[in-house]
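Heads up: the structure comes next, in structure tokens.
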Amino acid sequence: MLFVYPALAWAFALVSLPVLIHLINMMRHRRVKWAAMDFLLQSHKRMKHWVMLRQLLLLLTRMAAIALIVAMLAGLITTQSWSNMIGDRVTHHLIMLDDTFSMRERLGGDTAFESAVKTTNRIIENLANQDRPQRISVVLYSDILRGDADAKAPNLEARMRVDMDSTSITKLQELLANTSPTEQTIPLAEVLQRGSEIVTEFDQSEVAQVYIVSDFREKDWGSEATLRDPISRIEQRSIELNWINCARLPQDNLAITDVSIGSGTVVAGIPTIVKVSVRNFGQQTAVDVPVNIELFGSSSGMTDISQAGNALERLYDQLPITFDEIPPGDQVTRQTQIIFPAEGSHVLSFRLPEDPLPLDNLRFATTKVESTIPVLIVDGDPKLTNAFYLQSVFNPGPNVSTGISPTTTSSSFLTTAELKDLAKFETVFIIDPPMLDERIMTTLEQYVESGGGIVWYCGPGANELGLAELAKANLLPTSLQAPAELSQNTPDGPPDFDPGDNPVFKVFAGEKNPFLRRLVVSSYFPVVPEFEANKPENVRVLGSLRNGDPLVLEQSLGRGKIVTFLTSLGPQWNSWATNPSFIVAILELRNYASSAKSSESTFPVGSPISVIAPTSDYRTDVQFYSPGATRLPTDRSERLQMQPVAGTLDGSADLAGVDPVTGRFLTGQSGVYEAWLTKIDGSNEVRRYSLAPEITESDLLSMNETNLRQLYPSVTFNYFAADAWQYDNAAQQGTNWQTILLVLVIGALLLEQILAFYASYHPVAPGASAA
């Protein structure tokens, strides 16, 4: 029971005023002897009890009227919980504290999370001053991510559930002071579901009072259908539901949403295309936005484990990319060229100007730079006639470098080749494949499954029985029929080749592309008729002929892929080798076929970092180094052992989950991570990975009280802004009795008049008979 104007509560002393007046009136009575008094005394004795009852009711009515007037003027407010004090029931306060990435939004001097912690401390301190049995539980949104993954991990939720005493409150506030928001996305529906489970688990002798301290982003709270049930369960079990908003007015925010480095293996000294995407989450158009780029690596190129955590140094700054205009809600992509100076592991950082959410302004991308790209060309023709066309593309001359180092051989190489021989090459081009034995087909399958790429060219020199065996071995996407000729094209007819929509043939983009008109196909291997009906999920058509038959097929296999051309490489069956588009298409094809080996390693924050290596070449221990304040690796490390990968000779070490001592998420921070491996010969190898926050958290649009009440009309909740919240104010959001008290005052005054009339004596009107 509380009052809006507690100072006026002292006026309740006026309730004694009618009693005082009554006593004063009794003192004024004088005794007068009168002859007829005996008859009056006898009448008084008969009516004494009824008179006293009327006088007592009148006195109580007057006292009640004064008490009601004072309560109305003082602003009486009650919550449902005040009555629990009578029965000594424990009030259990559940505070659900939002610590998601968006709570890092800066609001002047503080972040939204710092404001939330201050509000939570105010709640705790105010509750500590209440003289009644109470308990507090503080649950972080991120607690649901910890789960039961590690039984030894500290249960932060349990550590933040305390009874109200000075020692427990101090420990709770210390825990809050040492808590920082995560950089992960946490589904709100799962958080509320967990909250409903917690209040259901409260003891039956407890009454629940729930506080949700959050930024109430539209991306989370706008999904009313998914939140309705858990909110309803929380409301049913609690006596009061308080929503405390830590966000303020909407703020504009830019975020780097994506970064890509090249389309395949990056080679030192060769210009590499780097693309950067920026999205505008604000309400205003952003103009002239620069993205600064820095390159980090090791100038010495050494990989000494003694440098672990401190091996990266800034090599040079790249000219910034400028975004002329980014409309509100849009994402814009720009690109630039970067030349990596040497081979080895490199890191690029991209940074936007400061805004309310600084962390999404910084993004890293890691890449492994090679000195060259080794490619194997196997020609079924002993004279290596067709291999010339590929070799001239990859190695055009001494003054031009593509970064690709081709090795040309005949099909006899495959008769003795082992997996370690093929693993040296990123892509294997096999022209007019001969009849292959079972051993080499198994080796080729293992090569692709481990991430390699194979490109088949099936021309007139291909062994048809060998192609059938390759299809049976799942190294061709389908069985083939005997070679067929494509009917002669008419001058105004469609081009012989339809490239479809894929990165390999983007050189043919455009309906009137001249390269398409100059490409002529005369013969090819048709697929079997049942191909379309029975096409596997891992197979897709990259290009077709004008009659609809597939000409180029892609087949995924393990971590690699196979691209099959159902026509010749050379000019025997088509004119492609003499078409100017041939060079561009082959270079794109090489990148595409080996894209599974792309060294770029960027994942969402919280994702496991998995290191896979052959146990025959590496020791089983792997040392992981996590990012520090600069988001580059520091000497904070985790030592893990590689576990065997079923069905392979590889071992795997995964950095994931929660630290069993501190409760820290091992991959819960954005930035660059390092994995240091030691080879059998004692040398070291470093692999780097970058983690970035989920971009959905960058949308800072929040919902105000009006929005929330319109969206959740059936939910009874009290709404507050965090910077204006006070415990007394919260209590005032309970039942306000002023209107009811006004009606009761009027009723009490009317009742007082009626009782006063019946309790007083009235002279008999002239002509009326005495009762």
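Numbering starts fresh at 1 for the residues of each chain in the structure tokens, the chains themselves are lettered A, B, ... in the order given, and ligands are numbered from 1 as they appear.
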
Near-range 190-192 of chain A list (9 Å; only C-alpha atoms; drop same-chain fewer than 6 positions) as a PyMOL selection string | chain A and resi 96+140-144+227+230-231+234

Those same residues - C-alpha atoms - I'd like them written as a PDB file, in the first residue's frame.
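As written to disk, selection_8.pdb reads:
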ATOM      1  CA  MET A  96      15.323 -10.970 -17.096  1.00  0.00           C
ATOM      2  CA  LEU A 140      20.696 -13.136 -18.522  1.00  0.00           C
ATOM      3  CA  TYR A 141      19.387 -13.751 -22.016  1.00  0.00           C
ATOM      4  CA  SER A 142      22.700 -15.455 -22.829  1.00  0.00           C
ATOM      5  CA  ASP A 143      22.110 -18.095 -20.128  1.00  0.00           C
ATOM      6  CA  ILE A 144      20.044 -20.119 -22.586  1.00  0.00           C
ATOM      7  CA  LEU A 227       5.931 -14.563 -28.292  1.00  0.00           C
ATOM      8  CA  PRO A 230       5.502 -17.689 -23.412  1.00  0.00           C
ATOM      9  CA  ILE A 231       4.400 -14.184 -22.377  1.00  0.00           C
ATOM     10  CA  ILE A 234       4.737 -15.717 -17.504  1.00  0.00           C
TER      11      ILE A 234
END

Near Ile609 in chain A, within 9 Å and counting only C-alpha atoms, which residues show up once chain neighbours fewer than 4 positions away are dropped, as a ChimeraX atom specification?
-> /A:603,653-656,667,673,689

With a distance cut-off of 12 Å and only C-alpha atoms, select the neighbouring residues of Arg546 in chain A, excluding the residue or stretch itself and same-chain residues fewer than 2 positions from it, and output the selection as number ranges by chain.
-> A: 486-490, 493-500, 516-517, 519-522, 543-544, 548-551

Using only C-alpha atoms, the shortest atom-to-atom distance to Thr100 in chain A among A:Gly397, A:Pro660, A:Pro608, A:Gly668 belongs to A:Gly668

Distance criterion (only C-alpha atoms): nearest to Phe202 in chain A out of A:Asn292, A:Thr91, A:Arg146, A:Ile270 =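 Using only C-alpha atoms, the shortest distance to Phe202 in chain A belongs to A:Thr91.
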
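Near Ser637 in chain A, within 10 Å and counting only C-alpha atoms, sit Ala308, Gly309, Gln623, Phe624, Tyr625, Ser626, Pro627, Pro633, Thr634, Asp635, Arg639, Leu640, Leu666, Tyr673, Glu674 and Ala675 of chain A, not including residues fewer than 2 positions from it in the same chain.
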
Go through A:Thr416, A:Gln193, A:Ser405, A:Thr620 and flag the residue nearest Leu390 in chain A, using only C-alpha atoms for the distances.
-> A:Ser405

Ala365 in chain A proximity check over A:Phe296, A:Phe216, A:Phe101, A:Trp573, using only C-alpha atoms: winner is A:Phe296

Which neighbours of Tyr618 in chain A fall inside 10 Å, counting only C-alpha atoms, when residues of the same chain fewer than 5 positions from it are skipped, and could you give them as a list in words?
-> Ala613, Met642, Asp650, Gly651, Leu677, Thr678, Lys679, Ile680, Asp681, Gly682, Ser683, Asn684 and Glu685 of chain A

Closest atom pairs, range 574-663 of chain A residues within 12 Å of range 166-184 of chain A, only C-alpha atoms, as a tab-separated table:
residue	atom	partner	partner_atom	distance
A:Phe603	CA	A:Gln184	CA	11.8
A:Pro604	CA	A:Gln184	CA	8.2
A:Val605	CA	A:Gln184	CA	5.9
A:Gly606	CA	A:Gln184	CA	6.5
A:Ser607	CA	A:Gln184	CA	9.7
A:Thr662	CA	A:Asn178	CA	11.4
A:Gly663	CA	A:Thr179	CA	10.9

Could the residues of range 293-360 of chain A that have an atom at most 10 Å from range 695-709 of chain A be listed as JSON lines, each with its closest atom pair and the distance in Å to one decimal, counting only C-alpha atoms and ordered by chain and ascending residue number?
{"residue": "A:Gly329", "atom": "CA", "partner": "A:Asp699", "partner_atom": "CA", "distance": 9.6}
{"residue": "A:Pro356", "atom": "CA", "partner": "A:Leu700", "partner_atom": "CA", "distance": 9.2}
{"residue": "A:Leu357", "atom": "CA", "partner": "A:Ser698", "partner_atom": "CA", "distance": 7.4}
{"residue": "A:Pro358", "atom": "CA", "partner": "A:Ser698", "partner_atom": "CA", "distance": 10.0}
{"residue": "A:Leu359", "atom": "CA", "partner": "A:Ser698", "partner_atom": "CA", "distance": 9.3}
{"residue": "A:Asp360", "atom": "CA", "partner": "A:Ser698", "partner_atom": "CA", "distance": 7.0}

If you count only C-alpha atoms, the residue of A:Phe720, A:Tyr592, A:Trp737, A:Trp221 closest to Val504 in chain A turns out to be A:Tyr592

Take CA of Leu444 in chain A and CA of Ile430 in chain A and report the distance between them in Å, one decimal.
->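 CA of Ile430 in chain A lies at a distance of 11.1 Å from CA of Leu444 in chain A.
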